[in-house]
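Here is the file run_16.pdb (PDB, C-alpha atoms, pLDDT in the B column).
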ATOM      1  CA  MET Y  69      -2.960  27.121  -0.380  1.00 52.00           C
ATOM      2  CA  SER Y  70      -3.218  28.225  -4.042  1.00 68.00           C
ATOM      3  CA  GLN Y  71      -2.285  26.031  -6.977  1.00 82.00           C
ATOM      4  CA  GLN Y  72       1.401  26.133  -7.929  1.00 87.00           C
ATOM      5  CA  TYR Y  73       2.641  26.319 -11.536  1.00 88.00           C
ATOM      6  CA  ARG Y  74       5.958  25.979 -13.301  1.00 89.00           C
ATOM      7  CA  VAL Y  75       7.053  27.563 -16.598  1.00 89.00           C
ATOM      8  CA  ALA Y  76       8.140  24.979 -19.173  1.00 89.00           C
ATOM      9  CA  PHE Y  77       9.933  25.481 -22.491  1.00 86.00           C
ATOM     10  CA  VAL Y  78       7.911  24.772 -25.671  1.00 88.00           C
ATOM     11  CA  GLU Y  79       9.947  26.056 -28.619  1.00 87.00           C
ATOM     12  CA  LEU Y  80      11.940  28.969 -29.991  1.00 84.00           C
ATOM     13  CA  GLU Y  81      10.349  31.568 -32.235  1.00 82.00           C
ATOM     14  CA  GLY Y  82      11.372  31.156 -35.856  1.00 78.00           C
ATOM     15  CA  SER Y  83      13.640  34.211 -36.119  1.00 80.00           C
ATOM     16  CA  PHE Y  84      15.845  33.415 -33.081  1.00 79.00           C
ATOM     17  CA  SER Y  85      18.605  30.832 -32.759  1.00 84.00           C
ATOM     18  CA  ALA Y  86      19.377  28.928 -29.568  1.00 85.00           C
ATOM     19  CA  GLU Y  87      22.669  30.825 -29.045  1.00 88.00           C
ATOM     20  CA  GLU Y  88      20.918  34.207 -29.293  1.00 87.00           C
ATOM     21  CA  VAL Y  89      18.198  33.138 -26.841  1.00 85.00           C
ATOM     22  CA  VAL Y  90      20.756  31.773 -24.358  1.00 87.00           C
ATOM     23  CA  ALA Y  91      22.690  35.050 -24.530  1.00 88.00           C
ATOM     24  CA  LYS Y  92      19.498  37.110 -24.056  1.00 86.00           C
ATOM     25  CA  LEU Y  93      18.320  34.982 -21.131  1.00 85.00           C
ATOM     26  CA  SER Y  94      21.667  35.085 -19.370  1.00 86.00           C
ATOM     27  CA  THR Y  95      22.058  38.875 -19.722  1.00 87.00           C
ATOM     28  CA  LYS Y  96      18.433  39.888 -19.064  1.00 86.00           C
ATOM     29  CA  LEU Y  97      17.820  37.453 -16.153  1.00 84.00           C
ATOM     30  CA  LYS Y  98      21.429  37.669 -14.894  1.00 85.00           C
ATOM     31  CA  ILE Y  99      21.936  33.898 -14.859  1.00 86.00           C
ATOM     32  CA  ASN Y 100      24.787  31.795 -16.198  1.00 86.00           C
ATOM     33  CA  PRO Y 101      24.526  30.482 -19.774  1.00 87.00           C
ATOM     34  CA  GLN Y 102      24.488  26.848 -18.633  1.00 89.00           C
ATOM     35  CA  LYS Y 103      21.248  27.418 -16.742  1.00 88.00           C
ATOM     36  CA  ALA Y 104      19.717  29.164 -19.743  1.00 85.00           C
ATOM     37  CA  SER Y 105      20.683  26.322 -22.086  1.00 87.00           C
ATOM     38  CA  ALA Y 106      19.350  23.816 -19.508  1.00 88.00           C
ATOM     39  CA  PHE Y 107      15.994  25.619 -19.714  1.00 86.00           C
ATOM     40  CA  LEU Y 108      15.997  25.013 -23.459  1.00 85.00           C
ATOM     41  CA  ALA Y 109      16.552  21.321 -22.632  1.00 87.00           C
ATOM     42  CA  ASN Y 110      13.288  21.310 -20.596  1.00 85.00           C
ATOM     43  CA  LYS Y 111      14.859  21.940 -17.185  1.00 87.00           C
ATOM     44  CA  PRO Y 112      13.086  24.391 -14.853  1.00 86.00           C
ATOM     45  CA  LEU Y 113      14.323  27.968 -14.958  1.00 85.00           C
ATOM     46  CA  PHE Y 114      12.063  29.512 -12.333  1.00 85.00           C
ATOM     47  CA  ALA Y 115      10.828  28.195  -9.012  1.00 85.00           C
ATOM     48  CA  PRO Y 116       7.190  27.111  -8.791  1.00 87.00           C
ATOM     49  CA  ALA Y 117       4.891  30.073  -8.210  1.00 87.00           C
ATOM     50  CA  ASP Y 118       1.257  31.131  -8.415  1.00 87.00           C
ATOM     51  CA  LYS Y 119      -0.484  31.534 -11.759  1.00 87.00           C
ATOM     52  CA  THR Y 120      -0.160  35.331 -12.154  1.00 90.00           C
ATOM     53  CA  LYS Y 121       3.573  35.304 -11.510  1.00 90.00           C
ATOM     54  CA  CYS Y 122       4.091  32.432 -13.944  1.00 89.00           C
ATOM     55  CA  LEU Y 123       2.069  34.240 -16.623  1.00 89.00           C
ATOM     56  CA  LYS Y 124       4.386  37.253 -16.233  1.00 90.00           C
ATOM     57  CA  GLN Y 125       7.379  34.930 -16.630  1.00 88.00           C
ATOM     58  CA  VAL Y 126       5.852  33.480 -19.839  1.00 89.00           C
ATOM     59  CA  LYS Y 127       5.383  37.022 -21.240  1.00 90.00           C
ATOM     60  CA  LEU Y 128       8.984  37.888 -20.346  1.00 87.00           C
ATOM     61  CA  LEU Y 129      10.259  34.772 -22.119  1.00 87.00           C
ATOM     62  CA  ALA Y 130       8.050  35.543 -25.143  1.00 86.00           C
ATOM     63  CA  SER Y 131       9.692  38.962 -25.443  1.00 86.00           C
ATOM     64  CA  MET Y 132      13.063  37.150 -25.690  1.00 84.00           C
ATOM     65  CA  GLY Y 133      11.942  34.755 -28.422  1.00 85.00           C
ATOM     66  CA  VAL Y 134      10.951  31.735 -26.298  1.00 86.00           C
ATOM     67  CA  GLN Y 135       7.529  30.149 -26.314  1.00 88.00           C
ATOM     68  CA  ALA Y 136       6.702  28.693 -22.915  1.00 88.00           C
ATOM     69  CA  LYS Y 137       3.680  27.174 -21.217  1.00 89.00           C
ATOM     70  CA  LEU Y 138       2.378  26.728 -17.678  1.00 88.00           C
ATOM     71  CA  ILE Y 139       2.405  23.333 -16.043  1.00 88.00           C
ATOM     72  CA  ALA Y 140       0.281  22.795 -12.933  1.00 87.00           C
ATOM     73  CA  LEU Y 141       2.118  21.066 -10.111  1.00 83.00           C
ATOM     74  CA  GLU Y 142       0.513  18.469  -7.862  1.00 74.00           C
ATOM     75  CA  ASP Y 143      -0.138  19.469  -4.308  1.00 60.00           C
ATOM     76  CA  THR Y 144       2.549  17.416  -2.584  1.00 55.00           C
ATOM     77  CA  THR Y 145       1.499  18.482   0.915  1.00 58.00           C
ATOM     78  CA  LYS Y 146      -1.768  16.559   0.657  1.00 61.00           C
ATOM     79  CA  THR Y 147      -0.090  13.394  -0.570  1.00 62.00           C
ATOM     80  CA  SER Y 148       2.668  13.598   2.003  1.00 72.00           C
ATOM     81  CA  ALA Y 149       0.109  14.174   4.765  1.00 75.00           C
ATOM     82  CA  GLN Y 150      -1.791  11.088   3.618  1.00 80.00           C
ATOM     83  CA  GLU Y 151       1.466   9.120   3.536  1.00 82.00           C
ATOM     84  CA  GLN Y 152       2.230  10.278   7.075  1.00 83.00           C
ATOM     85  CA  LYS Y 153      -1.211   9.155   8.246  1.00 85.00           C
ATOM     86  CA  ASP Y 154      -0.740   5.789   6.567  1.00 83.00           C
ATOM     87  CA  GLU Y 155       2.673   5.447   8.148  1.00 84.00           C
ATOM     88  CA  ARG Y 156       1.243   6.212  11.597  1.00 86.00           C
ATOM     89  CA  VAL Y 157      -1.491   3.620  11.088  1.00 84.00           C
ATOM     90  CA  PHE Y 158       1.083   1.013  10.075  1.00 81.00           C
ATOM     91  CA  GLU Y 159       3.213   1.889  13.093  1.00 83.00           C
ATOM     92  CA  ALA Y 160       0.154   1.492  15.332  1.00 84.00           C
ATOM     93  CA  LEU Y 161      -0.637  -1.861  13.737  1.00 82.00           C
ATOM     94  CA  ASP Y 162       2.957  -2.965  14.203  1.00 80.00           C
ATOM     95  CA  TYR Y 163       2.876  -1.887  17.853  1.00 83.00           C
ATOM     96  CA  ILE Y 164      -0.395  -3.713  18.485  1.00 87.00           C
ATOM     97  CA  THR Y 165       0.877  -6.829  16.743  1.00 82.00           C
ATOM     98  CA  SER Y 166       4.062  -6.865  18.783  1.00 81.00           C
ATOM     99  CA  SER Y 167       2.016  -6.273  21.950  1.00 85.00           C
ATOM    100  CA  LEU Y 168      -0.221  -9.206  21.075  1.00 85.00           C
ATOM    101  CA  ILE Y 169       2.823 -11.403  20.564  1.00 85.00           C
ATOM    102  CA  ARG Y 170       4.243 -10.362  23.936  1.00 87.00           C
ATOM    103  CA  ILE Y 171       0.894 -11.044  25.630  1.00 89.00           C
ATOM    104  CA  GLU Y 172       0.690 -14.463  24.019  1.00 87.00           C
ATOM    105  CA  GLU Y 173       4.232 -15.296  25.146  1.00 87.00           C
ATOM    106  CA  ARG Y 174       3.387 -14.149  28.664  1.00 88.00           C
ATOM    107  CA  LEU Y 175       0.269 -16.332  28.727  1.00 88.00           C
ATOM    108  CA  GLU Y 176       2.247 -19.367  27.569  1.00 86.00           C
ATOM    109  CA  GLU Y 177       4.826 -18.679  30.235  1.00 85.00           C
ATOM    110  CA  LEU Y 178       2.128 -18.444  32.911  1.00 85.00           C
ATOM    111  CA  GLU Y 179       0.496 -21.654  31.710  1.00 83.00           C
ATOM    112  CA  GLN Y 180       3.824 -23.450  31.938  1.00 84.00           C
ATOM    113  CA  ARG Y 181       4.425 -22.157  35.455  1.00 82.00           C
ATOM    114  CA  LEU Y 182       1.013 -23.121  36.817  1.00 78.00           C
ATOM    115  CA  PRO Y 183       1.186 -26.912  36.307  1.00 67.00           C
ATOM    116  CA  ALA Y 184       4.810 -26.966  37.413  1.00 60.00           C
ATOM    117  CA  SER Y 185       4.085 -25.112  40.661  1.00 58.00           C
ATOM    118  CA  SER Y 186       1.067 -27.317  41.486  1.00 60.00           C
ATOM    119  CA  ASN Y 187       3.136 -30.465  40.820  1.00 59.00           C
ATOM    120  CA  GLU Y 188       5.914 -29.159  43.083  1.00 62.00           C
ATOM    121  CA  GLN Y 189       3.434 -28.506  45.897  1.00 63.00           C
ATOM    122  CA  HIS Y 190       1.996 -32.001  45.494  1.00 58.00           C
ATOM    123  CA  GLU Y 191       5.467 -33.590  45.637  1.00 62.00           C
ATOM    124  CA  GLN Y 192       6.459 -31.552  48.694  1.00 64.00           C
ATOM    125  CA  GLY Y 193       3.263 -32.666  50.440  1.00 61.00           C
ATOM    126  CA  ALA Y 194       4.003 -36.313  49.614  1.00 57.00           C
ATOM    127  CA  GLN Y 195       7.556 -36.029  50.919  1.00 60.00           C
ATOM    128  CA  GLN Y 196       6.342 -34.411  54.107  1.00 60.00           C
ATOM    129  CA  TRP Y 197       3.787 -37.205  54.544  1.00 54.00           C
ATOM    130  CA  GLN Y 198       6.511 -39.816  54.208  1.00 53.00           C
ATOM    131  CA  GLU Y 199       8.794 -38.021  56.650  1.00 53.00           C
ATOM    132  CA  ASP Y 200       6.152 -37.918  59.371  1.00 53.00           C
ATOM    133  CA  GLU Y 201       6.095 -41.268  61.175  1.00 49.00           C
ATOM    134  CA  ILE Y 202       3.219 -40.583  63.448  1.00 48.00           C
ATOM    135  CA  VAL Y 203       0.399 -38.507  62.120  1.00 50.00           C
ATOM    136  CA  ASP Y 204      -2.169 -37.250  64.500  1.00 49.00           C
ATOM    137  CA  ASP Y 205      -5.638 -36.835  62.991  1.00 48.00           C
ATOM    138  CA  PHE Y 206      -6.098 -33.554  64.800  1.00 47.00           C
ATOM    139  CA  ASP Y 207      -2.776 -32.145  63.636  1.00 51.00           C
ATOM    140  CA  LEU Y 208      -3.442 -33.255  60.070  1.00 50.00           C
ATOM    141  CA  ASP Y 209      -6.699 -31.298  59.953  1.00 50.00           C
ATOM    142  CA  LEU Y 210      -4.994 -28.204  61.318  1.00 50.00           C
ATOM    143  CA  GLU Y 211      -1.971 -28.349  59.035  1.00 53.00           C
ATOM    144  CA  MET Y 212      -3.871 -28.762  55.794  1.00 54.00           C
ATOM    145  CA  GLU Y 213      -4.543 -25.369  54.327  1.00 56.00           C
ATOM    146  CA  PRO Y 214      -6.190 -24.782  51.011  1.00 57.00           C
ATOM    147  CA  THR Y 215      -3.667 -23.906  48.328  1.00 61.00           C
ATOM    148  CA  LYS Y 216      -3.972 -20.527  46.736  1.00 63.00           C
ATOM    149  CA  LYS Y 217      -5.068 -20.618  43.138  1.00 62.00           C
ATOM    150  CA  LEU Y 218      -3.825 -18.061  40.727  1.00 58.00           C
ATOM    151  CA  PRO Y 219      -6.711 -16.328  38.977  1.00 66.00           C
ATOM    152  CA  THR Y 220      -5.852 -17.624  35.503  1.00 77.00           C
ATOM    153  CA  ARG Y 221      -9.335 -17.129  34.054  1.00 83.00           C
ATOM    154  CA  LYS Y 222      -9.560 -13.617  35.473  1.00 84.00           C
ATOM    155  CA  LEU Y 223      -6.139 -12.808  34.050  1.00 86.00           C
ATOM    156  CA  GLN Y 224      -7.081 -14.153  30.641  1.00 87.00           C
ATOM    157  CA  TYR Y 225     -10.339 -12.188  30.652  1.00 88.00           C
ATOM    158  CA  ALA Y 226      -8.492  -9.015  31.657  1.00 89.00           C
ATOM    159  CA  LEU Y 227      -5.926  -9.464  28.891  1.00 90.00           C
ATOM    160  CA  ALA Y 228      -8.689 -10.180  26.380  1.00 91.00           C
ATOM    161  CA  ALA Y 229     -10.497  -7.003  27.470  1.00 93.00           C
ATOM    162  CA  VAL Y 230      -7.306  -4.936  27.046  1.00 94.00           C
ATOM    163  CA  LEU Y 231      -6.797  -6.469  23.607  1.00 94.00           C
ATOM    164  CA  LEU Y 232     -10.375  -5.668  22.624  1.00 94.00           C
ATOM    165  CA  ILE Y 233      -9.992  -2.061  23.755  1.00 94.00           C
ATOM    166  CA  LEU Y 234      -6.759  -1.700  21.754  1.00 93.00           C
ATOM    167  CA  LEU Y 235      -8.455  -3.073  18.643  1.00 93.00           C
ATOM    168  CA  ILE Y 236     -11.385  -0.663  19.082  1.00 92.00           C
ATOM    169  CA  VAL Y 237      -8.990   2.278  19.410  1.00 90.00           C
ATOM    170  CA  LEU Y 238      -7.135   1.147  16.291  1.00 90.00           C
ATOM    171  CA  ALA Y 239     -10.390   0.853  14.346  1.00 90.00           C
ATOM    172  CA  LEU Y 240     -11.396   4.357  15.439  1.00 89.00           C
ATOM    173  CA  ALA Y 241      -7.961   5.691  14.463  1.00 87.00           C
ATOM    174  CA  ILE Y 242      -8.329   4.210  10.997  1.00 88.00           C
ATOM    175  CA  LEU Y 243     -11.921   5.340  10.473  1.00 89.00           C
ATOM    176  CA  TYR Y 244     -11.628   8.793  12.074  1.00 87.00           C
ATOM    177  CA  PRO Y 245      -7.962   9.918  11.916  1.00 84.00           C
ATOM    178  CA  GLN Y 246      -8.894  13.526  12.641  1.00 86.00           C
ATOM    179  CA  TRP Y 247      -9.768  12.484  16.219  1.00 81.00           C
ATOM    180  CA  PHE Y 248      -6.224  11.304  16.833  1.00 77.00           C
ATOM    181  CA  ASN Y 249      -4.167  14.139  15.280  1.00 76.00           C
ATOM    182  CA  LEU Y 250      -1.194  15.010  17.392  1.00 60.00           C
TER     183      LEU Y 250
END
Would you write the structure of this file as structure tokens?
Amino acid sequence: MSQQYRVAFVELEGSFSAEEVVAKLSTKLKINPQKASAFLANKPLFAPADKTKCLKQVKLLASMGVQAKLIALEDTTKTSAQEQKDERVFEALDYITSSLIRIEERLEELEQRLPASSNEQHEQGAQQWQEDEIVDDFDLDLEMEPTKKLPTRKLQYALAAVLLILLIVLALAILYPQWFNL
């Protein structure tokens, strides 16, 4: 995209008054006098355009007794694109942070459940032992089954691996955003 320029008012030529210039601008450009007088108060008269078009506008204004100059405009598309990328990175960071918080809450919940469930099983076994009056050695060996352990270490390692992968993807998104353009 080419550089955009805007025509800005500098001063009136010595032989013209402001009222004459406003009248000339309004009749020649077919605009209302308020807009012409606003141009004399450093408000834009023309829309931003390329350099050749703006130079023609400056020559036209010079023929009506107005000295004008070109002002280069910043390329707002580049800055807004960068702002959008930054915003997406912050949204990704926010999402990852909230995911980490949810994972941590889930782990705490699982840790609280595990001791409680093992204590409940131990108490149920003790109550059953007290309820049985006669315990046969052979029946005792047959009834005792190993309790199932929840794979807490495996679960923690899996969650840590998922977290590590998410952090690697985030780092790649920050370092190489062109890979993740949507």
Residues matched by the PyMOL selection byres ((chain Y and resi 109) around 12) as a PyMOL selection string
chain Y and resi 76-80+86+90+102-108+110-113
For Lys124 in chain Y, the closest of Y:Val75, Y:Asp162, Y:Glu155, Y:Glu142 counting all atoms listed in the file is Y:Val75
One-decimal distance in Å that lies between CA of Ala226 in chain Y and CA of Leu238 in chain Y
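Atom-to-atom, CA of Leu238 in chain Y to CA of Ala226 in chain Y, that is 18.5 Å.
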Taking the file as shown, find all residues satisfying the PyMOL selection byres ((chain Y and resi 92) around 12) and write them as number ranges by chain.
Y: 84-91, 93-101, 104-105, 128-134
Please report the interatomic distance between CA of Ala229 in chain Y and CA of Asp154 in chain Y in Å with one decimal.
26.4 Å
Take range 109-120 of chain Y, model all heavy atoms, and hand the result over as a CSV table (one decimal), keeping the file's coordinate frame.
chain,number,residue,atom,x,y,z
Y,109,ALA,N,16.6,22.8,-22.7
Y,109,ALA,CA,16.6,21.3,-22.6
Y,109,ALA,C,15.5,20.8,-21.7
Y,109,ALA,O,15.6,19.7,-21.1
Y,109,ALA,CB,17.9,20.8,-22.2
Y,110,ASN,N,14.5,21.6,-21.4
Y,110,ASN,CA,13.3,21.3,-20.6
Y,110,ASN,C,13.6,21.2,-19.1
Y,110,ASN,O,13.0,20.4,-18.4
Y,110,ASN,CB,12.6,20.1,-21.1
Y,110,ASN,CG,11.9,20.3,-22.4
Y,110,ASN,OD1,11.4,21.4,-22.7
Y,110,ASN,ND2,11.9,19.3,-23.3
Y,111,LYS,N,14.6,21.9,-18.6
Y,111,LYS,CA,14.9,21.9,-17.2
Y,111,LYS,C,14.2,23.2,-16.6
Y,111,LYS,O,14.0,24.2,-17.4
Y,111,LYS,CB,16.4,22.0,-16.9
Y,111,LYS,CG,17.2,20.9,-17.4
Y,111,LYS,CD,16.9,19.6,-16.6
Y,111,LYS,CE,17.8,18.5,-17.2
Y,111,LYS,NZ,17.4,17.2,-16.7
Y,112,PRO,N,13.8,23.2,-15.4
Y,112,PRO,CA,13.1,24.4,-14.9
Y,112,PRO,C,14.0,25.6,-14.7
Y,112,PRO,O,15.2,25.4,-14.3
Y,112,PRO,CB,12.6,23.9,-13.5
Y,112,PRO,CG,13.4,22.7,-13.1
Y,112,PRO,CD,13.8,22.1,-14.4
Y,113,LEU,N,13.5,26.7,-15.1
Y,113,LEU,CA,14.3,28.0,-15.0
Y,113,LEU,C,13.9,28.8,-13.7
Y,113,LEU,O,14.7,29.3,-13.0
Y,113,LEU,CB,14.2,28.8,-16.2
Y,113,LEU,CG,14.9,30.1,-16.3
Y,113,LEU,CD1,16.4,29.8,-16.3
Y,113,LEU,CD2,14.6,30.9,-17.5
Y,114,PHE,N,12.6,28.8,-13.5
Y,114,PHE,CA,12.1,29.5,-12.3
Y,114,PHE,C,11.5,28.5,-11.3
Y,114,PHE,O,11.1,27.4,-11.6
Y,114,PHE,CB,10.9,30.4,-12.8
Y,114,PHE,CG,11.4,31.4,-13.9
Y,114,PHE,CD1,10.9,31.3,-15.2
Y,114,PHE,CD2,12.2,32.5,-13.6
Y,114,PHE,CE1,11.3,32.2,-16.2
Y,114,PHE,CE2,12.6,33.4,-14.5
Y,114,PHE,CZ,12.1,33.2,-15.8
Y,115,ALA,N,11.4,29.0,-10.1
Y,115,ALA,CA,10.8,28.2,-9.0
Y,115,ALA,C,9.3,28.2,-9.2
Y,115,ALA,O,8.7,29.1,-9.8
Y,115,ALA,CB,11.2,28.8,-7.7
Y,116,PRO,N,8.6,27.1,-8.7
Y,116,PRO,CA,7.2,27.1,-8.8
Y,116,PRO,C,6.6,28.3,-8.1
Y,116,PRO,O,7.1,28.8,-7.1
Y,116,PRO,CB,6.8,25.8,-8.0
Y,116,PRO,CG,8.0,25.0,-8.0
Y,116,PRO,CD,9.2,25.9,-8.0
Y,117,ALA,N,5.5,28.9,-8.7
Y,117,ALA,CA,4.9,30.1,-8.2
Y,117,ALA,C,3.4,30.0,-8.5
Y,117,ALA,O,2.9,29.1,-9.2
Y,117,ALA,CB,5.5,31.3,-8.8
Y,118,ASP,N,2.7,31.1,-8.1
Y,118,ASP,CA,1.3,31.1,-8.4
Y,118,ASP,C,1.1,31.5,-9.9
Y,118,ASP,O,2.0,31.8,-10.6
Y,118,ASP,CB,0.5,32.1,-7.5
Y,118,ASP,CG,1.0,33.5,-7.6
Y,118,ASP,OD1,2.1,33.7,-8.2
Y,118,ASP,OD2,0.4,34.4,-7.1
Y,119,LYS,N,-0.2,31.4,-10.3
Y,119,LYS,CA,-0.5,31.5,-11.8
Y,119,LYS,C,-0.1,32.9,-12.3
Y,119,LYS,O,0.4,33.0,-13.4
Y,119,LYS,CB,-2.0,31.2,-12.0
Y,119,LYS,CG,-2.3,31.1,-13.4
Y,119,LYS,CD,-3.8,30.6,-13.6
Y,119,LYS,CE,-4.1,30.3,-15.0
Y,119,LYS,NZ,-5.4,29.7,-15.2
Y,120,THR,N,-0.4,34.0,-11.6
Y,120,THR,CA,-0.2,35.3,-12.2
Y,120,THR,C,1.3,35.6,-12.3
Y,120,THR,O,1.8,36.1,-13.4
Y,120,THR,CB,-0.8,36.4,-11.2
Y,120,THR,OG1,-0.2,36.3,-9.9
Y,120,THR,CG2,-2.3,36.3,-11.2
